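The file query_4.tsv comes next; it holds TSV, C-alpha atoms.
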```tsv
chain	number	residue	atom	x	y	z
A	1	MET	CA	-91.82	-147.31	-7.92
A	2	GLU	CA	-92.98	-149.19	-10.98
A	3	LEU	CA	-90.19	-147.65	-13.09
A	4	ARG	CA	-87.61	-148.59	-10.42
A	5	SER	CA	-88.73	-152.19	-10.56
A	6	GLN	CA	-88.53	-152.06	-14.35
A	7	SER	CA	-84.89	-150.81	-14.13
A	8	ILE	CA	-83.99	-153.63	-11.72
A	9	SER	CA	-85.63	-156.04	-14.11
A	10	ILE	CA	-83.53	-154.73	-17.00
A	11	VAL	CA	-80.24	-155.12	-15.06
A	12	GLU	CA	-81.15	-158.63	-13.96
A	13	SER	CA	-82.14	-159.56	-17.50
A	14	LEU	CA	-78.92	-158.11	-18.94
A	15	SER	CA	-76.82	-160.26	-16.60
A	16	GLU	CA	-78.61	-163.34	-17.91
A	17	MET	CA	-78.34	-162.46	-21.60
A	18	LYS	CA	-76.34	-164.61	-23.97
A	19	ARG	CA	-73.37	-163.24	-25.84
A	20	HIS	CA	-75.20	-162.97	-29.16
A	21	ASP	CA	-77.80	-160.70	-27.51
A	22	LEU	CA	-75.20	-157.93	-27.62
A	23	ASP	CA	-76.09	-157.60	-31.30
A	24	ASP	CA	-79.67	-156.75	-30.30
A	25	LEU	CA	-78.48	-154.15	-27.79
A	26	ALA	CA	-76.19	-152.57	-30.39
A	27	ALA	CA	-79.11	-152.48	-32.84
A	28	PHE	CA	-81.32	-150.89	-30.17
A	29	ALA	CA	-78.74	-148.13	-29.62
A	30	ILE	CA	-78.70	-147.39	-33.36
A	31	VAL	CA	-82.51	-147.31	-33.57
A	32	ALA	CA	-82.62	-144.92	-30.60
A	33	GLU	CA	-80.00	-142.70	-32.25
A	34	GLU	CA	-81.66	-142.67	-35.68
A	35	ARG	CA	-85.26	-142.56	-34.31
A	36	SER	CA	-86.23	-144.54	-37.40
A	37	PHE	CA	-86.34	-148.22	-38.27
A	38	THR	CA	-85.61	-147.39	-41.91
A	39	ARG	CA	-82.42	-145.41	-41.23
A	40	ALA	CA	-81.30	-147.90	-38.57
A	41	ALA	CA	-81.88	-150.76	-41.01
A	42	ALA	CA	-79.70	-149.02	-43.62
A	43	ARG	CA	-76.82	-148.76	-41.13
A	44	LEU	CA	-77.23	-152.34	-40.00
A	45	GLY	CA	-77.61	-153.78	-43.48
A	46	MET	CA	-80.99	-155.27	-42.64
A	47	SER	CA	-84.60	-154.79	-43.62
A	48	SER	CA	-86.83	-152.44	-41.63
A	49	SER	CA	-89.13	-155.30	-40.72
A	50	GLY	CA	-86.13	-157.33	-39.53
A	51	VAL	CA	-84.99	-154.54	-37.23
A	52	SER	CA	-88.53	-154.06	-35.90
A	53	HIS	CA	-88.82	-157.79	-35.18
A	54	MET	CA	-85.44	-157.76	-33.42
A	55	MET	CA	-86.59	-154.93	-31.14
A	56	ARG	CA	-89.84	-156.71	-30.26
A	57	LEU	CA	-87.91	-159.83	-29.26
A	58	LEU	CA	-85.55	-157.71	-27.14
A	59	GLU	CA	-88.47	-156.06	-25.37
A	60	ALA	CA	-90.03	-159.46	-24.76
A	61	ARG	CA	-86.84	-160.82	-23.20
A	62	LEU	CA	-86.37	-157.76	-21.00
A	63	GLY	CA	-90.04	-157.58	-20.06
A	64	VAL	CA	-90.34	-153.82	-20.68
A	65	ARG	CA	-91.26	-151.58	-23.56
A	66	LEU	CA	-88.20	-149.77	-24.91
A	67	LEU	CA	-89.55	-147.99	-27.97
A	68	ALA	CA	-92.70	-145.98	-28.64
A	69	ARG	CA	-93.68	-146.46	-32.27
A	70	THR	CA	-95.77	-144.16	-34.41
A	71	THR	CA	-96.46	-144.23	-38.13
A	72	ARG	CA	-93.74	-141.62	-38.74
A	73	SER	CA	-91.11	-142.08	-36.04
A	74	VAL	CA	-89.70	-144.14	-33.22
A	75	ALA	CA	-88.84	-142.77	-29.79
A	76	THR	CA	-87.41	-144.30	-26.66
A	77	THR	CA	-89.60	-144.79	-23.65
A	78	GLU	CA	-88.34	-143.85	-20.19
A	79	ALA	CA	-87.19	-147.44	-19.72
A	80	GLY	CA	-85.53	-147.27	-23.12
A	81	GLU	CA	-83.72	-144.07	-22.11
A	82	ARG	CA	-82.42	-145.76	-18.97
A	83	LEU	CA	-81.18	-148.71	-20.95
A	84	LEU	CA	-79.53	-146.31	-23.40
A	85	ASP	CA	-77.80	-144.53	-20.51
A	86	THR	CA	-76.37	-147.90	-19.49
A	87	LEU	CA	-75.32	-148.90	-22.97
A	88	ARG	CA	-73.64	-145.67	-24.06
A	89	PRO	CA	-70.67	-145.80	-21.62
A	90	ALA	CA	-70.37	-149.56	-22.12
A	91	PHE	CA	-70.11	-149.21	-25.90
A	92	ALA	CA	-67.76	-146.25	-25.50
A	93	GLU	CA	-65.51	-148.43	-23.33
A	94	ILE	CA	-65.60	-151.15	-25.97
A	95	ASP	CA	-64.63	-148.61	-28.64
A	96	ARG	CA	-61.70	-147.44	-26.52
A	97	GLY	CA	-60.61	-151.04	-26.06
A	98	LEU	CA	-60.72	-151.66	-29.79
A	99	GLN	CA	-58.72	-148.48	-30.41
A	100	SER	CA	-56.09	-149.60	-27.92
A	101	LEU	CA	-55.77	-152.88	-29.81
A	102	GLY	CA	-55.20	-150.86	-32.97
A	103	GLU	CA	-52.48	-148.90	-31.20
A	104	LEU	CA	-50.78	-152.17	-30.27
A	105	ARG	CA	-50.73	-153.09	-33.93
A	106	GLU	CA	-49.22	-149.72	-34.78
A	107	LYS	CA	-46.72	-149.90	-31.89
A	108	PRO	CA	-45.37	-153.45	-31.92
A	109	SER	CA	-43.93	-155.11	-28.86
A	110	GLY	CA	-41.75	-158.09	-28.05
A	111	THR	CA	-38.08	-159.06	-28.25
A	112	VAL	CA	-35.91	-158.76	-31.36
A	113	ARG	CA	-32.81	-160.96	-31.08
A	114	ILE	CA	-29.93	-159.83	-33.33
A	115	THR	CA	-26.37	-160.98	-33.97
A	116	ALA	CA	-23.80	-158.53	-35.35
A	117	GLY	CA	-20.07	-157.95	-35.46
A	118	LYS	CA	-18.61	-155.33	-33.16
A	119	HIS	CA	-18.09	-152.68	-35.83
A	120	ALA	CA	-21.66	-152.98	-37.11
A	121	ALA	CA	-23.00	-152.98	-33.55
A	122	LEU	CA	-21.12	-149.80	-32.65
A	123	SER	CA	-21.56	-147.90	-35.91
A	124	LEU	CA	-25.12	-148.85	-36.89
A	125	VAL	CA	-27.10	-150.35	-34.01
A	126	ALA	CA	-25.96	-148.33	-31.00
A	127	PRO	CA	-26.68	-144.90	-32.59
A	128	ILE	CA	-30.34	-145.69	-33.33
A	129	LEU	CA	-31.26	-147.20	-29.96
A	130	PRO	CA	-32.22	-144.02	-28.02
A	131	ARG	CA	-34.68	-142.85	-30.68
A	132	PHE	CA	-35.90	-146.40	-31.35
A	133	HIS	CA	-36.76	-147.05	-27.70
A	134	THR	CA	-38.59	-143.72	-27.55
A	135	ASP	CA	-40.66	-144.64	-30.60
A	136	TYR	CA	-41.15	-148.28	-29.58
A	137	PRO	CA	-40.94	-148.53	-25.77
A	138	ASP	CA	-42.40	-152.04	-25.78
A	139	ILE	CA	-39.73	-153.55	-28.04
A	140	ARG	CA	-36.70	-155.13	-26.40
A	141	ILE	CA	-33.51	-155.42	-28.48
A	142	GLU	CA	-31.23	-158.31	-27.58
A	143	LEU	CA	-27.94	-157.75	-29.39
A	144	ILE	CA	-25.34	-160.52	-29.35
A	145	VAL	CA	-21.99	-159.16	-30.55
A	146	SER	CA	-20.05	-161.90	-32.31
A	147	GLU	CA	-17.83	-162.22	-35.35
A	148	ARG	CA	-18.97	-165.77	-35.96
A	149	LEU	CA	-21.19	-166.36	-38.99
A	150	ASP	CA	-23.93	-168.04	-36.98
A	151	ASP	CA	-26.83	-169.92	-38.48
A	152	ILE	CA	-29.46	-167.47	-37.26
A	153	VAL	CA	-32.28	-170.02	-37.55
A	154	ALA	CA	-30.47	-172.71	-35.57
A	155	SER	CA	-29.24	-170.12	-33.03
A	156	ARG	CA	-32.75	-168.65	-32.70
A	157	PHE	CA	-31.86	-165.16	-33.85
A	158	ASP	CA	-34.48	-163.05	-35.58
A	159	ALA	CA	-31.85	-161.48	-37.82
A	160	GLY	CA	-28.14	-160.93	-38.33
A	161	ILE	CA	-26.02	-158.05	-39.59
A	162	ARG	CA	-23.15	-158.88	-41.94
A	163	PHE	CA	-21.64	-157.81	-45.25
A	164	GLY	CA	-23.86	-158.62	-48.22
A	165	GLU	CA	-21.49	-161.15	-49.80
A	166	ARG	CA	-21.52	-163.23	-46.62
A	167	ILE	CA	-25.30	-163.68	-46.54
A	168	ASP	CA	-26.73	-167.05	-47.55
A	169	ARG	CA	-28.90	-167.06	-50.65
A	170	ASP	CA	-31.94	-168.40	-48.80
A	171	MET	CA	-31.99	-165.27	-46.64
A	172	ILE	CA	-33.54	-161.89	-47.32
A	173	GLY	CA	-30.91	-159.13	-47.10
A	174	VAL	CA	-31.65	-155.43	-46.68
A	175	ARG	CA	-28.86	-152.85	-47.02
A	176	ILE	CA	-28.50	-150.77	-43.85
A	177	GLY	CA	-24.97	-149.37	-44.06
A	178	PRO	CA	-23.06	-147.06	-46.43
A	179	ASP	CA	-20.07	-148.17	-48.51
A	180	LEU	CA	-16.95	-148.67	-46.41
A	181	ARG	CA	-13.22	-148.36	-47.01
A	182	ALA	CA	-10.35	-149.97	-45.20
A	183	ALA	CA	-7.32	-148.08	-43.91
A	184	VAL	CA	-3.82	-149.30	-43.09
A	185	VAL	CA	-2.53	-147.23	-40.20
A	186	ALA	CA	0.24	-147.06	-37.63
A	187	ALA	CA	1.49	-144.65	-35.00
A	188	PRO	CA	4.28	-142.14	-35.78
A	189	SER	CA	6.40	-144.00	-33.20
A	190	TYR	CA	6.22	-147.13	-35.35
A	191	PHE	CA	7.30	-145.26	-38.48
A	192	ALA	CA	10.19	-143.82	-36.52
A	193	ARG	CA	11.56	-147.38	-36.49
A	194	ARG	CA	10.53	-148.50	-40.00
A	195	PRO	CA	9.88	-146.64	-43.25
A	196	PRO	CA	6.24	-146.53	-44.42
A	197	PRO	CA	5.29	-149.20	-46.97
A	198	LEU	CA	4.81	-147.86	-50.50
A	199	THR	CA	3.57	-151.03	-52.22
A	200	LEU	CA	1.74	-154.17	-51.15
A	201	LYS	CA	4.98	-156.16	-51.42
A	202	ASP	CA	6.49	-153.90	-48.75
A	203	LEU	CA	4.06	-155.38	-46.18
A	204	ALA	CA	6.31	-158.44	-45.98
A	205	ASN	CA	8.90	-156.27	-44.22
A	206	HIS	CA	6.52	-154.94	-41.58
A	207	ASP	CA	5.16	-156.03	-38.22
A	208	CYS	CA	1.40	-156.28	-38.82
A	209	VAL	CA	-1.30	-156.73	-36.18
A	210	ASN	CA	-3.38	-159.68	-37.32
A	211	TYR	CA	-7.10	-160.03	-36.69
A	212	HIS	CA	-8.23	-163.57	-35.86
A	213	MET	CA	-11.46	-164.57	-37.61
A	214	PRO	CA	-13.42	-167.06	-35.46
A	215	SER	CA	-15.55	-168.19	-38.41
A	216	ALA	CA	-12.49	-169.01	-40.53
A	217	GLY	CA	-10.19	-170.23	-37.77
A	218	ARG	CA	-7.33	-168.13	-39.16
A	219	PRO	CA	-6.14	-164.52	-39.37
A	220	TYR	CA	-8.02	-162.19	-41.69
A	221	LEU	CA	-6.49	-161.66	-45.14
A	222	TRP	CA	-6.02	-157.98	-45.87
A	223	GLU	CA	-8.09	-156.98	-48.91
A	224	PHE	CA	-6.82	-154.51	-51.49
A	225	GLU	CA	-7.19	-153.56	-55.13
A	226	GLU	CA	-4.16	-153.45	-57.44
A	227	ASP	CA	-4.26	-152.74	-61.18
A	228	GLY	CA	-8.02	-153.28	-61.20
A	229	ARG	CA	-7.75	-156.69	-59.50
A	230	ASP	CA	-8.85	-157.75	-56.04
A	231	VAL	CA	-5.84	-158.86	-54.00
A	232	GLU	CA	-5.73	-160.63	-50.63
A	233	VAL	CA	-2.52	-160.38	-48.63
A	234	SER	CA	-1.52	-162.67	-45.77
A	235	VAL	CA	0.53	-160.58	-43.37
A	236	ASN	CA	2.82	-161.52	-40.50
A	237	GLY	CA	3.30	-159.91	-37.15
A	238	SER	CA	4.03	-160.38	-33.47
A	239	PHE	CA	0.47	-159.76	-32.27
A	240	VAL	CA	-2.85	-161.45	-33.12
A	241	VAL	CA	-6.13	-160.23	-31.62
A	242	ASN	CA	-9.87	-160.70	-32.14
A	243	ASP	CA	-11.13	-157.40	-30.74
A	244	LEU	CA	-11.51	-154.09	-32.60
A	245	GLU	CA	-10.65	-151.87	-29.66
A	246	MET	CA	-7.52	-153.89	-28.92
A	247	MET	CA	-6.42	-153.40	-32.53
A	248	ILE	CA	-6.75	-149.63	-32.17
A	249	SER	CA	-4.87	-149.69	-28.85
A	250	ALA	CA	-2.10	-151.74	-30.44
A	251	ALA	CA	-1.83	-149.28	-33.31
A	252	LEU	CA	-1.73	-146.26	-30.98
A	253	ALA	CA	0.95	-147.95	-28.89
A	254	GLY	CA	3.17	-148.34	-31.95
A	255	THR	CA	2.96	-152.16	-32.05
A	256	GLY	CA	2.69	-152.30	-35.83
A	257	LEU	CA	0.56	-151.75	-38.91
A	258	VAL	CA	-3.17	-152.26	-38.45
A	259	TYR	CA	-5.84	-152.87	-41.10
A	260	LEU	CA	-9.23	-151.53	-40.00
A	261	PHE	CA	-12.22	-149.54	-41.17
A	262	GLU	CA	-11.63	-145.95	-42.23
A	263	ASP	CA	-14.40	-144.58	-40.01
A	264	VAL	CA	-12.87	-146.21	-36.94
A	265	ALA	CA	-9.49	-144.63	-37.61
A	266	ARG	CA	-10.77	-141.21	-38.74
A	267	GLU	CA	-10.58	-139.43	-35.38
A	268	HIS	CA	-7.02	-140.68	-34.72
A	269	LEU	CA	-5.90	-139.77	-38.24
A	270	GLU	CA	-7.25	-136.25	-37.88
A	271	SER	CA	-5.48	-135.82	-34.54
A	272	GLY	CA	-2.19	-137.17	-35.93
A	273	ARG	CA	-2.04	-140.04	-33.44
A	274	LEU	CA	-2.17	-142.43	-36.41
A	275	VAL	CA	-0.75	-142.13	-39.94
A	276	ARG	CA	-2.32	-143.73	-43.00
A	277	VAL	CA	-0.41	-145.64	-45.66
A	278	LEU	CA	-1.23	-147.57	-48.86
A	279	GLU	CA	-4.39	-145.53	-49.37
A	280	PRO	CA	-4.49	-146.01	-53.20
A	281	TYR	CA	-4.78	-149.76	-52.67
A	282	CYS	CA	-7.69	-149.57	-50.23
A	283	LYS	CA	-10.82	-150.15	-52.25
A	284	PRO	CA	-14.38	-149.25	-51.20
A	285	PHE	CA	-16.74	-152.16	-50.67
A	286	SER	CA	-20.42	-152.64	-49.96
A	287	GLY	CA	-21.60	-151.90	-46.45
A	288	TYR	CA	-23.62	-153.98	-44.03
A	289	SER	CA	-26.99	-155.62	-44.60
A	290	ILE	CA	-29.45	-157.04	-42.12
A	291	TYR	CA	-30.64	-160.49	-43.09
A	292	TYR	CA	-33.42	-162.76	-41.89
A	293	PRO	CA	-35.28	-165.89	-43.01
A	294	SER	CA	-37.74	-165.58	-45.87
A	295	ARG	CA	-41.20	-165.14	-44.39
A	296	ARG	CA	-44.53	-164.17	-45.83
A	297	GLN	CA	-45.13	-161.80	-42.92
A	298	MET	CA	-42.27	-160.29	-40.97
A	299	PRO	CA	-42.89	-159.91	-37.21
A	300	PRO	CA	-43.93	-156.28	-36.54
A	301	ALA	CA	-41.14	-155.71	-34.01
A	302	LEU	CA	-38.46	-156.89	-36.46
A	303	SER	CA	-40.05	-154.83	-39.24
A	304	ALA	CA	-39.85	-151.70	-37.06
A	305	PHE	CA	-36.19	-152.40	-36.25
A	306	VAL	CA	-35.26	-152.94	-39.91
A	307	GLU	CA	-37.01	-149.73	-40.92
A	308	ALA	CA	-35.18	-147.79	-38.20
A	309	LEU	CA	-31.85	-149.03	-39.58
A	310	ARG	CA	-32.89	-148.15	-43.15
A	311	SER	CA	-33.95	-144.69	-42.03
A	312	ASN	CA	-30.57	-144.23	-40.35
A	313	LEU	CA	-28.84	-145.20	-43.61
A	314	ARG	CA	-30.86	-142.61	-45.54
A	315	ALA	CA	-29.87	-139.96	-42.99
A	316	MET	CA	-26.19	-140.94	-43.31
A	317	GLN	CA	-26.40	-140.76	-47.10
A	318	ASP	CA	-28.07	-137.33	-46.97
A	319	GLN	CA	-25.41	-136.10	-44.57
A	320	ALA	CA	-22.63	-137.42	-46.81
A	321	ALA	CA	-24.19	-135.82	-49.89
A	322	SER	CA	-24.53	-132.52	-48.05
A	323	ALA	CA	-20.91	-132.65	-46.90
A	324	ALA	CA	-19.76	-133.47	-50.44
A	325	GLY	CA	-21.72	-130.50	-51.74
A	326	ILE	CA	-20.10	-128.19	-49.20
A	327	ASP	CA	-16.63	-129.50	-50.08
A	328	ALA	CA	-17.29	-128.98	-53.81
A	329	MET	CA	-18.44	-125.41	-53.15
A	330	SER	CA	-15.38	-124.63	-51.05
A	331	ILE	CA	-13.08	-125.92	-53.81
A	332	THR	CA	-14.96	-123.88	-56.44
A	333	ASN	CA	-14.70	-120.72	-54.37
A	334	ARG	CA	-10.94	-120.97	-53.96
```

As structure tokens, please, write out the structure in this file.
Amino acid sequence: MELRSQSISIVESLSEMKRHDLDDLAAFAIVAEERSFTRAAARLGMSSSGVSHMMRLLEARLGVRLLARTTRSVATTEAGERLLDTLRPAFAEIDRGLQSLGELREKPSGTVRITAGKHAALSLVAPILPRFHTDYPDIRIELIVSERLDDIVASRFDAGIRFGERIDRDMIGVRIGPDLRAAVVAAPSYFARRPPPLTLKDLANHDCVNYHMPSAGRPYLWEFEEDGRDVEVSVNGSFVVNDLEMMISAALAGTGLVYLFEDVAREHLESGRLVRVLEPYCKPFSGYSIYYPSRRQMPPALSAFVEALRSNLRAMQDQAASAAGIDAMSITNR
């Protein structure tokens, strides 16, 4: 009966304790575990006499004796054991809570708002999303597909994806895409009406599908390399569009010549639905970069997204190197 009243007294006293008294309870648990003031003091970074004094004050506040002291050791009393039984699950729960906070740091959450052109969105962002959302289920990607060169700070984007030469100098740019090449293509039905162009000057005699650039307010100038010099050609045609898929549809329909990325046309070239021309003039150029404002500490969610894109680039480069190695071997074995 006396011990029961002591237990009730402990619970009542604990409910009235101040926040800093948790330090005393944590110290008591360590003393009970070590069964020595000296060893407990070493873990707590205190003196033995300081720990002993702390325990006496705790016992005085609770109104019960928690520790039985001898010249050689310290042991918990029955009341001390009961208090320890109460503290152990509580401290274990606190430890689990702290671990869960650590997991949140390792698995960031929040929204990452990105702007990218359609080609970059389809070729670089879309392929990584399934794996990314599995690895980071608490991150939400908000992708705004636009060809405009938006001010990402003013438009409240976390980052943008563009070609490296179009990134402002006050931004940090990280390469996320392989080198690209352009391709000038048309359907066989178009070449049934007009002979294929052999030089850049021949483009003046062709119906070319123009791509309207919103950021420039004019059609895109086709970029080539001739005699080691960069050349931009303004082409004419009966159709102007600002959508990648419409350009492909126009090419397949035989509307005219289309200037687009090699990877977009590859499947149609392999099937014969499109035919490539002027390939010697189509130079490779640097691929996409993701850019964002200079910050001392990047938000964890954005950091995870950037690293996923970089990892995808490394995988693409490894795949390309492997394919090149296979092609070289097949040529050697012929």

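Between atom CA of Phe261 of chain A and atom CA of Leu203 of chain A the interatomic distance comes to 18.0 Å.
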
>> Under the rule that only C-alpha atoms are counted, which of A:Ile128, A:Asp243, A:Tyr292, A:Cys208 is the nearest residue to Asp150 of chain A?
In response: A:Tyr292

>> Show me the residues close to (0.0, -149.0, -53.8) - anything with an atom within 8 Å, counting only C-alpha atoms - and format the list as a list in words.
In response: Leu198, Thr199, Leu200, Glu226, Leu278, Glu279, Pro280 and Tyr281 of chain A

Excluding Asp168 of chain A and residues on its chain fewer than 3 positions from it, collect all residues at most 12 Å away from it, counting all atoms listed in the file, and give them as a CSV table (one decimal) with C-alpha atoms, keeping the file's coordinate frame.
```
chain,number,residue,atom,x,y,z
A,149,LEU,CA,-21.2,-166.4,-39.0
A,150,ASP,CA,-23.9,-168.0,-37.0
A,151,ASP,CA,-26.8,-169.9,-38.5
A,152,ILE,CA,-29.5,-167.5,-37.3
A,153,VAL,CA,-32.3,-170.0,-37.6
A,160,GLY,CA,-28.1,-160.9,-38.3
A,162,ARG,CA,-23.2,-158.9,-41.9
A,163,PHE,CA,-21.6,-157.8,-45.2
A,164,GLY,CA,-23.9,-158.6,-48.2
A,165,GLU,CA,-21.5,-161.2,-49.8
A,171,MET,CA,-32.0,-165.3,-46.6
A,172,ILE,CA,-33.5,-161.9,-47.3
A,173,GLY,CA,-30.9,-159.1,-47.1
A,289,SER,CA,-27.0,-155.6,-44.6
A,290,ILE,CA,-29.4,-157.0,-42.1
A,291,TYR,CA,-30.6,-160.5,-43.1
A,292,TYR,CA,-33.4,-162.8,-41.9
A,293,PRO,CA,-35.3,-165.9,-43.0
A,294,SER,CA,-37.7,-165.6,-45.9
```

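The gap separating atom CA of Gly45 of chain A from atom CA of Arg82 of chain A is 26.2 Å, in Å to one decimal.
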
> In Å to one decimal, how far is atom CA of Val241 of chain A from atom CA of Ile141 of chain A?
Replying inline: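 Computed distance, atom CA of Ile141 of chain A to atom CA of Val241 of chain A, equals 28.0 Å.
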
>> Counting all atoms listed in the file, which residue out of A:Arg193, A:Arg56, A:Asn205, A:Glu225 sits closest to Lys283 of chain A?
In response: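 Of A:Arg193, A:Arg56, A:Asn205, A:Glu225, the one nearest Lys283 of chain A, counting all atoms listed in the file, is A:Glu225.
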
Neighbours of Tyr190 of chain A within 8 Å (all atoms listed in the file; same-chain residues fewer than 5 positions away dropped), as a compact mmCIF listing (two decimals) with C-alpha atoms, keeping the file's coordinate frame?
```txt
# COMPACT_ATOMS: atom_id res chain seq x y z
CA GLY A 254 3.17 -148.34 -31.95
CA THR A 255 2.96 -152.16 -32.05
CA GLY A 256 2.69 -152.30 -35.83
```

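Considering the residues A:His133, A:Met213, A:Ala323, A:Asp207 and counting all atoms listed in the file, Pro195 of chain A has its shortest atom-to-atom contact with A:Asp207.
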
What residues have an atom no more than 7 Å from (-11.0, -155.5, -51.4) in the file's own frame, counting all atoms listed in the file, and can you write them as a PDB file with C-alpha atoms, in the frame of the given file?
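Heads up, here's the output in part34.pdb:
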```pdb
ATOM      1  CA  GLU A 223      -8.090-156.980 -48.910  1.00  0.00           C
ATOM      2  CA  PHE A 224      -6.820-154.510 -51.490  1.00  0.00           C
ATOM      3  CA  GLU A 225      -7.190-153.560 -55.130  1.00  0.00           C
ATOM      4  CA  ASP A 230      -8.850-157.750 -56.040  1.00  0.00           C
ATOM      5  CA  VAL A 231      -5.840-158.860 -54.000  1.00  0.00           C
ATOM      6  CA  CYS A 282      -7.690-149.570 -50.230  1.00  0.00           C
ATOM      7  CA  LYS A 283     -10.820-150.150 -52.250  1.00  0.00           C
ATOM      8  CA  PHE A 285     -16.740-152.160 -50.670  1.00  0.00           C
TER       9      PHE A 285
END
```

> What lies within 12 Å of Arg218 of chain A using all atoms listed in the file, ignoring chain neighbours under 5 positions off, as a ChimeraX atom specification?
Replying inline: /A:210-213,234-235,240-242

>> Just checking: using all atoms listed in the file, which residue out of A:Ser109, A:Ala187, A:Met246, A:Ala27 ends up closest to Ala42 of chain A?
In response: A:Ala27

>> Between A:Leu22, A:Ile176, A:Thr86, A:Leu257, which residue has the minimum interatomic distance to Leu124 of chain A, considering only C-alpha atoms?
In response: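 Counting only C-alpha atoms, the residue closest to Leu124 of chain A is A:Ile176.
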
> Within 12 Å of Ala253 of chain A, counting all atoms listed in the file, which residues qualify if same-chain residues fewer than 5 places away don't, as a ChimeraX atom specification?
Replying inline: /A:185-191,209,246-248,258,273-274

>> Env of segment 303-315 of chain A: 10 Å cut, atoms = all atoms listed in the file, seq-sep filter 6 positions within chain, self excluded. Answer as an MDAnalysis selection string.
In response: chainID A and resid 106:109 112 124:125 127:129 131:132 135:136 139 141 159 174:178 289:291 297 321

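Of the residues under consideration (A:Met55, A:Val264, A:Ala60, A:Leu221), A:Val264 shows the shortest atom-to-atom contact distance to Leu180 of chain A when counting all atoms listed in the file.
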